[in-house]
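What follows is the content of run.csv, which has CSV, C-alpha atoms:
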chain,number,residue,atom,x,y,z
H,1477,MET,CA,65.0,40.5,6.0
H,1478,LEU,CA,68.5,41.8,6.1
H,1479,LEU,CA,68.8,45.5,5.3
H,1480,SER,CA,72.5,46.1,6.0
H,1481,TYR,CA,75.5,44.7,7.8
H,1482,LYS,CA,78.9,46.2,8.7
H,1483,VAL,CA,82.0,44.5,10.3
H,1484,LYS,CA,85.4,45.8,11.2
H,1485,ASN,CA,88.6,44.1,12.4
H,1486,PHE,CA,87.5,40.6,11.7
H,1487,CYS,CA,90.1,38.3,10.2
H,1488,SER,CA,91.4,39.8,6.9
H,1489,PHE,CA,89.0,42.8,7.2
H,1490,ALA,CA,90.8,45.6,9.0
H,1491,GLU,CA,88.7,48.5,7.7
H,1492,GLU,CA,84.9,48.5,7.9
H,1493,ALA,CA,83.3,46.3,5.3
H,1494,GLU,CA,79.8,47.4,4.3
H,1495,PHE,CA,77.1,45.2,2.8
H,1496,ASP,CA,73.5,45.9,2.1
H,1497,LEU,CA,70.6,44.3,0.3
H,1498,LEU,CA,68.7,47.5,-0.6
H,1499,ALA,CA,67.5,47.9,-4.2
H,1500,PRO,CA,68.5,51.2,-5.9
H,1501,GLY,CA,66.1,54.2,-5.7
H,1502,ASN,CA,66.2,54.8,-9.4
H,1503,ARG,CA,64.2,53.4,-12.3
H,1504,VAL,CA,66.7,50.6,-12.9
H,1505,LYS,CA,64.9,48.4,-10.5
H,1506,ASN,CA,61.9,48.4,-12.7
H,1507,ARG,CA,63.8,46.2,-15.1
H,1508,PHE,CA,64.1,43.6,-12.4
H,1509,PRO,CA,60.7,43.3,-10.8
H,1510,ASP,CA,61.3,39.8,-9.4
H,1511,ASN,CA,64.6,40.6,-7.8
H,1512,TYR,CA,63.3,42.6,-4.8
H,1513,VAL,CA,60.5,42.9,-2.3
H,1514,GLN,CA,58.6,46.1,-1.7
H,1515,THR,CA,57.8,46.4,2.0
H,1516,GLU,CA,55.2,48.4,3.9
H,1517,GLN,CA,58.0,50.1,5.8
H,1518,GLY,CA,59.3,51.9,2.7
H,1519,PHE,CA,62.2,49.6,1.8
H,1520,ASP,CA,62.8,47.8,-1.5
H,1521,ILE,CA,64.8,44.8,-0.4
H,1522,LEU,CA,66.8,42.5,-2.6
H,1523,LYS,CA,66.2,38.8,-2.6
H,1524,THR,CA,69.7,37.6,-3.7
H,1525,ALA,CA,73.3,38.7,-4.0
H,1526,VAL,CA,76.5,37.2,-5.1
H,1527,ILE,CA,80.0,37.8,-3.7
H,1528,ILE,CA,82.9,37.2,-6.2
H,1529,GLY,CA,86.7,37.3,-5.6
H,1530,GLU,CA,90.0,35.5,-5.8
H,1531,ASN,CA,91.1,32.5,-3.7
H,1532,ALA,CA,92.1,33.6,-0.2
H,1533,GLY,CA,90.7,37.0,-0.9
H,1534,GLY,CA,88.3,37.1,2.1
H,1535,LYS,CA,84.9,35.9,0.9
H,1536,THR,CA,84.8,33.2,3.5
H,1537,ASN,CA,86.0,35.5,6.3
H,1538,PHE,CA,83.2,38.0,5.5
H,1539,ILE,CA,80.5,35.3,5.7
H,1540,GLU,CA,82.1,33.8,8.8
H,1541,SER,CA,81.9,37.2,10.5
H,1542,LEU,CA,78.1,36.8,10.4
H,1543,GLY,CA,78.4,33.3,11.7
H,1544,PHE,CA,80.5,34.6,14.6
H,1545,LEU,CA,78.0,37.3,15.4
H,1546,LYS,CA,75.2,34.7,15.4
H,1547,MET,CA,77.3,32.5,17.7
H,1548,LEU,CA,77.5,35.2,20.3
H,1549,PHE,CA,73.7,35.0,20.8
H,1550,ARG,CA,73.7,31.3,21.7
H,1551,ASP,CA,74.1,31.7,25.4
H,1552,ASN,CA,74.5,34.3,28.2
H,1553,GLU,CA,78.2,33.8,29.0
H,1554,VAL,CA,80.9,36.4,28.8
H,1555,LYS,CA,81.4,37.7,25.3
H,1556,HIS,CA,84.8,38.7,23.8
H,1557,SER,CA,86.8,38.5,20.6
H,1558,TYR,CA,89.2,35.7,19.8
H,1559,LYS,CA,92.8,36.4,18.9
H,1560,SER,CA,92.6,34.2,15.9
H,1561,LEU,CA,89.7,36.2,14.5
H,1562,ILE,CA,91.1,39.7,15.0
H,1563,ASN,CA,92.8,41.5,12.1
H,1564,VAL,CA,96.4,41.9,13.2
H,1565,ASN,CA,98.1,42.4,9.8
H,1566,ASN,CA,99.5,45.8,10.8
H,1567,LEU,CA,99.8,45.3,14.6
H,1568,SER,CA,102.5,44.1,16.9
H,1569,PRO,CA,101.6,41.3,19.4
H,1570,GLU,CA,101.3,43.9,22.1
H,1571,GLN,CA,98.5,45.7,20.2
H,1572,SER,CA,96.5,42.6,19.3
H,1573,ASP,CA,93.6,43.5,21.6
H,1574,THR,CA,92.0,45.4,18.8
H,1575,ARG,CA,88.3,46.1,19.1
H,1576,GLN,CA,86.0,44.3,16.7
H,1577,SER,CA,82.7,45.9,15.7
H,1578,PHE,CA,79.5,44.6,14.2
H,1579,ASP,CA,76.5,46.6,13.0
H,1580,ILE,CA,73.3,45.0,11.6
H,1581,CYS,CA,69.9,46.4,10.5
H,1582,VAL,CA,67.1,43.9,9.9
H,1583,LEU,CA,63.3,43.9,9.3
H,1584,GLY,CA,61.7,41.7,11.9
H,1585,GLY,CA,58.7,39.4,11.4
H,1586,SER,CA,56.3,42.0,12.9
H,1587,GLY,CA,57.5,44.7,10.5
H,1588,THR,CA,59.6,46.5,13.0
H,1589,ILE,CA,63.0,47.7,11.9
H,1590,TYR,CA,65.9,46.8,14.3
H,1591,HIS,CA,69.3,48.3,14.4
H,1592,TYR,CA,71.9,46.5,16.6
H,1593,SER,CA,75.5,47.4,17.1
H,1594,LEU,CA,78.2,45.6,19.2
H,1595,GLU,CA,81.8,46.3,19.9
H,1596,ILE,CA,84.0,43.8,21.8
H,1597,ASP,CA,87.7,43.3,22.6
H,1598,LYS,CA,89.5,40.3,24.0
H,1599,TYR,CA,88.2,41.0,27.5
H,1600,SER,CA,84.5,41.8,27.2
H,1601,ILE,CA,81.8,43.9,25.6
H,1602,VAL,CA,82.9,47.5,25.0
H,1603,LYS,CA,79.6,48.8,23.6
H,1604,GLU,CA,76.2,47.4,22.8
H,1605,ARG,CA,73.1,49.0,21.5
H,1606,LEU,CA,69.6,48.0,20.2
H,1607,ALA,CA,67.2,50.5,18.7
H,1608,TYR,CA,64.0,50.2,16.5
H,1609,LYS,CA,61.7,52.1,14.3
H,1610,LYS,CA,58.4,51.4,12.5
H,1611,THR,CA,59.1,52.9,9.1
H,1612,LYS,CA,62.0,54.0,6.9
H,1613,GLY,CA,61.6,57.7,7.7
H,1614,ASP,CA,61.1,57.3,11.5
H,1615,ARG,CA,63.7,58.3,14.0
H,1616,GLU,CA,65.2,55.3,15.9
H,1617,LYS,CA,64.0,54.7,19.5
H,1618,GLU,CA,66.6,53.2,21.8
H,1619,VAL,CA,65.8,50.0,23.6
H,1620,PHE,CA,69.1,50.0,25.5
H,1621,SER,CA,72.7,51.0,25.2
H,1622,ILE,CA,75.7,50.1,27.3
H,1623,GLN,CA,79.3,51.2,27.3
H,1624,ARG,CA,82.3,49.9,29.3
H,1625,TYR,CA,84.1,52.8,30.9
H,1626,LYS,CA,86.4,51.0,33.3
H,1627,LEU,CA,88.5,47.8,32.9
H,1628,LYS,CA,90.8,46.3,35.4
H,1629,VAL,CA,92.7,43.2,34.3
H,1630,ASN,CA,94.1,41.0,37.1
H,1631,GLU,CA,96.2,37.9,36.7
H,1632,ASN,CA,93.2,35.6,37.1
H,1633,SER,CA,90.2,37.8,36.4
H,1634,VAL,CA,88.8,40.8,34.6
H,1635,GLU,CA,86.7,43.4,36.3
H,1636,ALA,CA,84.6,45.6,34.0
H,1637,SER,CA,82.3,48.5,34.9
H,1638,LEU,CA,79.4,49.3,32.6
H,1639,GLU,CA,77.5,52.5,32.1
H,1640,THR,CA,74.0,51.5,31.0
H,1641,LYS,CA,71.1,53.3,29.4
H,1642,ILE,CA,67.8,51.5,29.4
H,1643,SER,CA,64.9,53.3,27.6
H,1644,HIS,CA,61.8,51.5,28.9
H,1645,SER,CA,60.8,51.7,32.6
H,1646,LYS,CA,59.5,48.2,32.4
H,1647,ILE,CA,63.0,46.9,31.5
H,1648,LYS,CA,64.5,49.0,34.3
H,1649,ASP,CA,62.2,47.3,36.8
H,1650,LEU,CA,63.1,43.9,35.4
H,1651,LEU,CA,66.8,44.7,35.7
H,1652,SER,CA,66.5,45.9,39.2
H,1653,GLU,CA,65.1,42.5,40.1
H,1654,GLN,CA,67.8,40.7,38.1
H,1655,LYS,CA,70.9,42.6,39.3
H,1656,HIS,CA,73.2,39.9,38.3
H,1657,ILE,CA,72.4,40.6,34.6
H,1658,LEU,CA,75.2,43.1,34.3
H,1659,THR,CA,77.6,42.0,37.0
H,1660,ASP,CA,81.3,42.5,36.5
H,1661,GLU,CA,82.0,38.8,36.6
H,1662,ASN,CA,79.5,37.8,33.9
H,1663,ILE,CA,79.0,40.4,31.1
H,1664,GLY,CA,76.9,38.6,28.5
H,1665,LEU,CA,74.9,40.3,25.7
H,1666,VAL,CA,72.3,42.5,27.2
H,1667,ALA,CA,70.1,41.8,24.1
H,1668,THR,CA,69.8,38.1,25.0
H,1669,ARG,CA,69.2,38.9,28.7
H,1670,LEU,CA,66.4,41.3,27.9
H,1671,ALA,CA,64.9,38.7,25.6
H,1672,ILE,CA,64.8,36.2,28.4
H,1673,LEU,CA,63.3,38.8,30.7
H,1674,GLY,CA,60.4,39.3,28.2
H,1675,ASP,CA,61.1,42.6,26.4
H,1676,GLU,CA,59.2,42.3,23.1
H,1677,HIS,CA,61.8,44.1,21.0
H,1678,ALA,CA,64.8,42.1,22.3
H,1679,MET,CA,62.8,38.9,21.9
H,1680,GLU,CA,62.0,39.7,18.2
H,1681,PHE,CA,65.5,40.7,17.3
H,1682,VAL,CA,67.2,37.8,19.1
H,1683,ASP,CA,64.7,35.4,17.5
H,1684,TRP,CA,65.7,36.9,14.1
H,1685,ILE,CA,69.4,36.2,14.7
H,1686,ASN,CA,68.9,32.7,16.1
H,1687,ASN,CA,66.1,31.4,13.8
H,1688,LYS,CA,66.0,33.5,10.6
H,1689,LEU,CA,69.7,34.0,9.9
H,1690,ASN,CA,71.5,30.9,8.5
H,1691,VAL,CA,75.2,31.0,7.9
H,1692,GLU,CA,76.8,28.1,6.1
H,1693,THR,CA,80.6,28.0,5.8
H,1694,ARG,CA,82.2,24.6,5.7
H,1695,PRO,CA,85.8,23.6,4.7
H,1696,ILE,CA,84.5,20.2,3.5
H,1697,ASN,CA,81.9,19.2,1.0
H,1698,TYR,CA,78.6,20.5,2.2
H,1699,PHE,CA,76.7,17.2,1.8
H,1700,VAL,CA,79.3,15.5,4.0
H,1701,TYR,CA,78.8,18.1,6.6
H,1702,LYS,CA,75.0,17.7,6.5
H,1703,SER,CA,75.4,13.9,6.7
H,1704,MET,CA,77.2,14.3,9.9
H,1705,LYS,CA,74.8,16.8,11.5
H,1706,ASN,CA,71.6,14.9,10.5
H,1707,GLU,CA,69.2,17.5,11.9
H,1708,GLU,CA,65.5,16.7,12.4
H,1709,ASP,CA,64.6,20.0,10.8
H,1710,ASP,CA,66.4,19.0,7.6
H,1711,LEU,CA,64.5,15.7,7.6
H,1712,ARG,CA,61.2,17.5,7.8
H,1713,ILE,CA,62.1,19.6,4.8
H,1714,ILE,CA,63.3,16.7,2.7
H,1715,GLN,CA,60.0,14.9,3.2
H,1716,ASP,CA,58.1,17.9,1.9
H,1717,GLN,CA,56.9,17.6,-1.7
H,1718,ARG,CA,58.1,21.1,-2.5
H,1719,PHE,CA,61.7,20.0,-1.7
H,1720,LEU,CA,61.4,17.5,-4.6
H,1721,ASP,CA,60.4,20.4,-6.9
H,1722,ILE,CA,63.7,22.2,-6.0
H,1723,LEU,CA,65.8,19.0,-6.3
H,1724,LYS,CA,64.5,18.4,-9.9
H,1725,MET,CA,66.4,21.5,-11.0
H,1726,VAL,CA,69.6,19.5,-10.9
H,1727,ASP,CA,68.2,16.7,-13.0
H,1728,TYR,CA,64.7,16.7,-14.5
H,1729,SER,CA,64.7,13.0,-14.9
H,1730,ILE,CA,64.4,12.7,-11.1
H,1731,ASP,CA,60.9,11.4,-10.4
H,1732,LYS,CA,60.8,11.0,-6.7
H,1733,ILE,CA,62.9,10.2,-3.6
H,1734,GLU,CA,62.6,7.6,-0.9
H,1735,VAL,CA,63.9,9.3,2.2
H,1736,ASP,CA,66.0,7.3,4.7
H,1737,GLU,CA,65.1,8.8,8.1
H,1738,GLU,CA,68.3,7.6,9.7
H,1739,LYS,CA,70.7,8.8,7.1
H,1740,PRO,CA,68.8,11.1,4.7
H,1741,PHE,CA,71.9,12.6,3.1
H,1742,SER,CA,73.5,9.3,2.2
H,1743,GLU,CA,71.0,6.5,2.2
H,1744,THR,CA,68.0,8.3,0.6
H,1745,LYS,CA,67.2,6.7,-2.8
H,1746,VAL,CA,66.9,9.0,-5.8
H,1747,ILE,CA,64.5,7.5,-8.4
H,1748,ARG,CA,64.8,8.6,-12.0
H,1749,ARG,CA,62.3,8.0,-14.9
H,1750,MET,CA,63.7,7.1,-18.3
H,1751,ALA,CA,62.2,8.1,-21.7
H,1752,ASP,CA,60.6,4.6,-22.1
H,1753,GLY,CA,58.8,5.0,-18.8
H,1754,GLY,CA,61.0,2.7,-16.8
H,1755,THR,CA,62.7,3.8,-13.6
H,1756,PHE,CA,65.9,3.1,-11.8
H,1757,ALA,CA,67.0,4.0,-8.3
H,1758,ARG,CA,70.3,4.5,-6.5
H,1759,GLU,CA,71.3,5.7,-3.1
H,1760,LEU,CA,72.3,9.3,-2.8
H,1761,LYS,CA,75.8,8.4,-1.7
H,1762,ARG,CA,76.4,6.7,-5.0
H,1763,ASP,CA,75.1,9.5,-7.1
H,1764,SER,CA,77.2,12.2,-8.7
H,1765,ALA,CA,79.0,14.8,-6.6
H,1766,GLY,CA,76.9,17.6,-8.1
H,1767,VAL,CA,73.6,15.9,-7.2
H,1768,ARG,CA,74.8,15.1,-3.6
H,1769,GLU,CA,75.9,18.7,-3.1
H,1770,PHE,CA,72.8,20.2,-4.6
H,1771,PHE,CA,70.6,17.8,-2.5
H,1772,ALA,CA,72.1,19.4,0.6
H,1773,TRP,CA,71.9,23.0,-0.6
H,1774,ALA,CA,68.3,22.4,-1.7
H,1775,VAL,CA,67.4,22.3,2.0
H,1776,GLN,CA,68.7,25.9,2.4
H,1777,LEU,CA,66.9,27.0,-0.8
H,1778,PHE,CA,63.7,25.6,0.7
H,1779,LYS,CA,64.2,27.6,3.9
H,1780,VAL,CA,64.7,30.8,1.9
H,1781,VAL,CA,61.6,30.4,-0.4
H,1782,TYR,CA,59.1,28.7,2.0
H,1783,GLU,CA,60.3,29.8,5.5
H,1784,ASN,CA,61.6,33.3,4.8
H,1785,LYS,CA,65.1,32.5,6.1
H,1786,ILE,CA,68.2,34.6,5.3
H,1787,VAL,CA,70.9,32.2,4.1
H,1788,PHE,CA,74.6,33.1,3.5
H,1789,ALA,CA,76.2,30.3,1.6
H,1790,ASP,CA,80.0,30.0,1.1
H,1791,GLU,CA,80.8,28.7,-2.4
H,1792,MET,CA,77.4,27.1,-2.9
H,1793,ASP,CA,78.2,26.3,-6.5
H,1794,ARG,CA,81.7,24.9,-6.3
H,1795,VAL,CA,80.7,21.6,-7.9
H,1796,ILE,CA,77.5,22.8,-9.5
H,1797,ASN,CA,77.1,23.5,-13.2
H,1798,PRO,CA,77.0,27.2,-14.0
H,1799,ILE,CA,73.7,26.8,-15.8
H,1800,LEU,CA,72.2,25.3,-12.6
H,1801,SER,CA,73.7,28.2,-10.5
H,1802,GLU,CA,71.8,30.6,-12.8
H,1803,ARG,CA,68.7,28.5,-12.5
H,1804,ILE,CA,68.9,28.6,-8.7
H,1805,VAL,CA,69.1,32.5,-8.6
H,1806,ALA,CA,66.2,32.7,-11.1
H,1807,TYR,CA,64.2,30.3,-8.9
H,1808,VAL,CA,64.7,32.3,-5.7
H,1809,ASN,CA,64.0,35.6,-7.5
H,1810,GLY,CA,60.9,34.2,-9.2
H,1811,LYS,CA,59.1,33.1,-6.0
H,1812,GLU,CA,57.1,35.4,-3.7
H,1813,HIS,CA,58.7,35.3,-0.3
H,1814,ARG,CA,60.6,37.3,2.2
H,1815,GLY,CA,63.7,35.2,2.4
H,1816,GLN,CA,67.2,36.1,1.0
H,1817,PHE,CA,70.0,34.1,-0.5
H,1818,VAL,CA,73.5,35.4,-0.6
H,1819,PHE,CA,76.4,33.2,-1.8
H,1820,SER,CA,80.1,33.5,-2.6
H,1821,THR,CA,81.5,32.0,-5.8
H,1822,HIS,CA,84.4,31.8,-8.2
H,1823,ASN,CA,82.0,31.6,-11.1
H,1824,ALA,CA,82.5,34.8,-13.1
H,1825,LEU,CA,79.6,34.0,-15.3
H,1826,HIS,CA,77.4,35.5,-12.5
H,1827,LEU,CA,78.7,38.9,-13.7
H,1828,ASP,CA,75.7,39.4,-15.8
H,1829,LEU,CA,73.6,42.5,-15.7
H,1830,ARG,CA,70.7,40.7,-17.5
H,1831,ASN,CA,69.9,38.8,-14.3
H,1832,TYR,CA,71.4,41.0,-11.5
H,1833,MET,CA,71.3,44.7,-10.6
H,1834,LYS,CA,74.6,46.2,-9.9
H,1835,GLU,CA,73.6,46.3,-6.2
H,1836,GLN,CA,73.4,42.5,-6.2
H,1837,ILE,CA,77.0,41.9,-7.2
H,1838,TYR,CA,79.8,42.3,-4.6
H,1839,PHE,CA,83.5,41.9,-5.0
H,1840,VAL,CA,86.1,41.0,-2.4
H,1841,THR,CA,89.7,41.8,-3.2
H,1842,LYS,CA,92.9,41.6,-1.2
H,1843,GLU,CA,95.2,44.6,-1.1
H,1844,ARG,CA,98.7,43.9,-2.3
H,1845,ASP,CA,100.6,46.0,0.3
H,1846,ASN,CA,99.0,44.8,3.6
H,1847,LEU,CA,97.0,41.7,2.6
H,1848,ASN,CA,93.8,43.3,4.0
H,1849,SER,CA,90.5,42.4,2.4
H,1850,GLU,CA,88.1,45.0,0.9
H,1851,LEU,CA,84.4,44.5,0.1
H,1852,TYR,CA,82.6,46.7,-2.4
H,1853,SER,CA,79.6,46.6,-4.8
H,1854,LEU,CA,79.5,46.9,-8.6
H,1855,ALA,CA,77.2,49.9,-7.9
H,1856,ASP,CA,80.3,51.7,-6.7
H,1857,PHE,CA,81.3,51.9,-10.4
H,1858,PRO,CA,79.0,54.6,-11.9
H,1859,GLU,CA,80.9,54.2,-15.3
H,1860,VAL,CA,79.5,50.7,-15.6
H,1861,ARG,CA,76.4,50.9,-17.7
H,1862,TYR,CA,73.7,48.3,-18.1
H,1863,GLU,CA,73.4,48.7,-21.8
H,1864,THR,CA,77.1,48.6,-22.8
H,1865,ALA,CA,79.2,47.1,-20.0
H,1866,LYS,CA,80.9,43.8,-20.5
H,1867,ILE,CA,81.3,42.9,-16.8
H,1868,TYR,CA,82.9,39.5,-17.3
H,1869,GLU,CA,85.5,41.1,-19.6
H,1870,PHE,CA,86.2,43.9,-17.2
H,1871,TYR,CA,86.6,41.4,-14.3
H,1872,THR,CA,88.9,39.0,-16.1
H,1873,LYS,CA,91.1,42.0,-17.1
H,1874,GLY,CA,91.4,43.0,-13.4
H,1875,ILE,CA,89.6,46.3,-13.9
H,1876,LEU,CA,87.1,45.6,-11.2
H,1877,GLY,CA,89.5,44.0,-8.7
H,1878,GLY,CA,88.8,40.7,-7.0
H,1879,THR,CA,91.4,38.8,-9.0
H,1880,ALA,CA,94.8,37.6,-7.7
H,1881,PHE,CA,97.7,40.0,-8.2
H,1882,GLU,CA,101.0,38.9,-9.5

Would it be possible to restate this file's structure as structure tokens?
Amino acid sequence: MLLSYKVKNFCSFAEEAEFDLLAPGNRVKNRFPDNYVQTEQGFDILKTAVIIGENAGGKTNFIESLGFLKMLFRDNEVKHSYKSLINVNNLSPEQSDTRQSFDICVLGGSGTIYHYSLEIDKYSIVKERLAYKKTKGDREKEVFSIQRYKLKVNENSVEASLETKISHSKIKDLLSEQKHILTDENIGLVATRLAILGDEHAMEFVDWINNKLNVETRPINYFVYKSMKNEEDDLRIIQDQRFLDILKMVDYSIDKIEVDEEKPFSETKVIRRMADGGTFARELKRDSAGVREFFAWAVQLFKVVYENKIVFADEMDRVINPILSERIVAYVNGKEHRGQFVFSTHNALHLDLRNYMKEQIYFVTKERDNLNSELYSLADFPEVRYETAKIYEFYTKGILGGTAFE
């Protein structure tokens, strides 16, 4: 499960954006027993969160920063930032080699807590560190840390020297046998290299990033995107009876589906049962936009509830009825699992302290002066009280930010 995440100098985020999924330490959480998971390590971890803000405020940029971090773990090639993804609002072109930083803390499948940090610029890795601990109160034990202390940029190449610190003698021995792992010409992530070499902590953390973290940000309709990808894993889920139980939330008249294995997101037949007992069927591509969209998102909800995945979804409910959105959150919270579902939205009806703790509601707002984005939680407003606050009213009046300025 995700405990916390920080990112700096990514797209519209110049200053560090902090996000966490930890339930509050006070008695408020007792009002929402289904909204969090109590872990053996001493953490109470939230199952859901919502990110609200104006158009072009930075919601997508924040979620895409996680997608970018995940992408860095795909291979062992040189890692660096990309000019188009660096915040340069207040920089001249000569200063656009700003360092980007990422910091993430997760609870692995074995119950080990991992803390990973990475700093990169347009040339290579600047710093990288992985540490772990067994319980909330333990001190972190370092698996490795590296820091670039010398950089020479030639016309056709970059030479970087790294100062490395490896905690385990076993890993040191492995590295001595694989000297190319940190060569100047090929500075990939040390975490992925150590995972390949068999270090148990690197393996578990990298597996979490690659297989537990799902980041879904698409500029087109989500069901169209899923139709183009047509992944085998999605087909396996759609054929599971539990998927149908999720799908029925969009329309309780749906009785069953006949899955088309070649084109599951367009040719699958949705069969409905009428009040007189009769049925009628039509292909998914001919169904309503809301049903098609929810059919695709239901795959991600399945992964959260039944496979303990952590899903970040950009504008999941853009064509979904607000009542269905609320039903989705209640469904995820009501099931016993160790997955998490975080989504951005323009639906201000989610500003409801009957269903969410303040720690589950985040805002993204754009600063008028410099167009930088800022991320913050409703928990940052101590004056907002559960008993009396009219959050929706506060938001629409601009008191909480996250609305377009004039």

For CA of Phe1495 (chain H) and CA of Phe1839 (chain H), quote the distance in Å rounded to one decimal.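 Atom-to-atom, CA of Phe1495 (chain H) and CA of Phe1839 (chain H) are spaced 10.6 Å apart.
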
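CA of Ile1601 (chain H) to CA of Ser1557 (chain H) spans 8.9 Å [interatomic distance, one decimal].
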
Residues near region 1758-1761 of chain H, anyone? I mean within 8 Å using only C-alpha atoms, not counting same-chain ones fewer than 5 positions away, as an MDAnalysis selection string. chainID H and resid 1741:1747 1768

Counting only C-alpha atoms, which of H:Lys1724, H:Arg1803, H:Lys1482, H:Lys1603 gets nearest to Leu1545 (chain H)?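 The answer is H:Lys1482, which sits nearest to Leu1545 (chain H).
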
Residue contacts of Glu1491 (chain H) (8 Å, only C-alpha atoms) excluding same-chain residues fewer than 6 positions away, as a PyMOL selection string: chain H and resi 1484-1485+1850

In Å, how far is it from CA of Lys1785 (chain H) to CA of Gln1816 (chain H)? 6.6 Å

Hey, which of H:Val1767, H:Val1726, H:Ile1713, H:Met1679 ends up closest to Val1780 (chain H)? Count all atoms listed in the file.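 For Val1780 (chain H), the nearest of the given residues is H:Ile1713.
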
Using only C-alpha atoms, find the one residue out of H:Asn1632, H:Asn1552, H:Ser1729, H:Ser1586 that sits nearest to Glu1676 (chain H).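 Closest to Glu1676 (chain H), using only C-alpha atoms: H:Ser1586.
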
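Between Asn1537 (chain H) and the candidates H:Trp1773, H:Tyr1852, H:Phe1857, H:Phe1489, the tightest atom-to-atom separation, counting all atoms listed in the file, involves H:Phe1489.
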
Tell me, as a VMD selection string, which residues lie within 6 Å of His1556 (chain H), counting all atoms listed in the file; anything in the same chain fewer than 4 positions away does not count. chain H and resid 1596 to 1600

For Ala1789 (chain H), the nearest of the candidates H:Arg1844, H:Arg1712, H:Arg1615, H:Lys1535, counting all atoms listed in the file: H:Lys1535

From the list H:Ile1528, H:Val1787, H:Ile1714, H:Val1629, which residue is nearest Glu1692 (chain H) when using only C-alpha atoms? H:Val1787

Spatial neighbours of Ala1490 (chain H), max dist 12 Å, all atoms listed in the file, sep filter under 2 positions, as a PyMOL selection string: chain H and resi 1482-1488+1492-1493+1534+1537-1538+1561-1567+1574-1577+1842-1843+1846-1851

List the spatial neighbours of Asp1510 (chain H) as a PyMOL selection string - criterion: any atom at most 9 Å away, all atoms listed in the file, same-chain residues fewer than 6 positions off excluded. chain H and resi 1523+1806+1809-1812

C-alpha atoms of the current selection, written as a PDB file, keeping the file's coordinate frame:
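Writing the result to selection.pdb gives the following:
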ATOM      1  CA  LYS H1523      66.200  38.800  -2.600  1.00  0.00           C
ATOM      2  CA  ALA H1806      66.200  32.700 -11.100  1.00  0.00           C
ATOM      3  CA  ASN H1809      64.000  35.600  -7.500  1.00  0.00           C
ATOM      4  CA  GLY H1810      60.900  34.200  -9.200  1.00  0.00           C
ATOM      5  CA  LYS H1811      59.100  33.100  -6.000  1.00  0.00           C
ATOM      6  CA  GLU H1812      57.100  35.400  -3.700  1.00  0.00           C
TER       7      GLU H1812
END
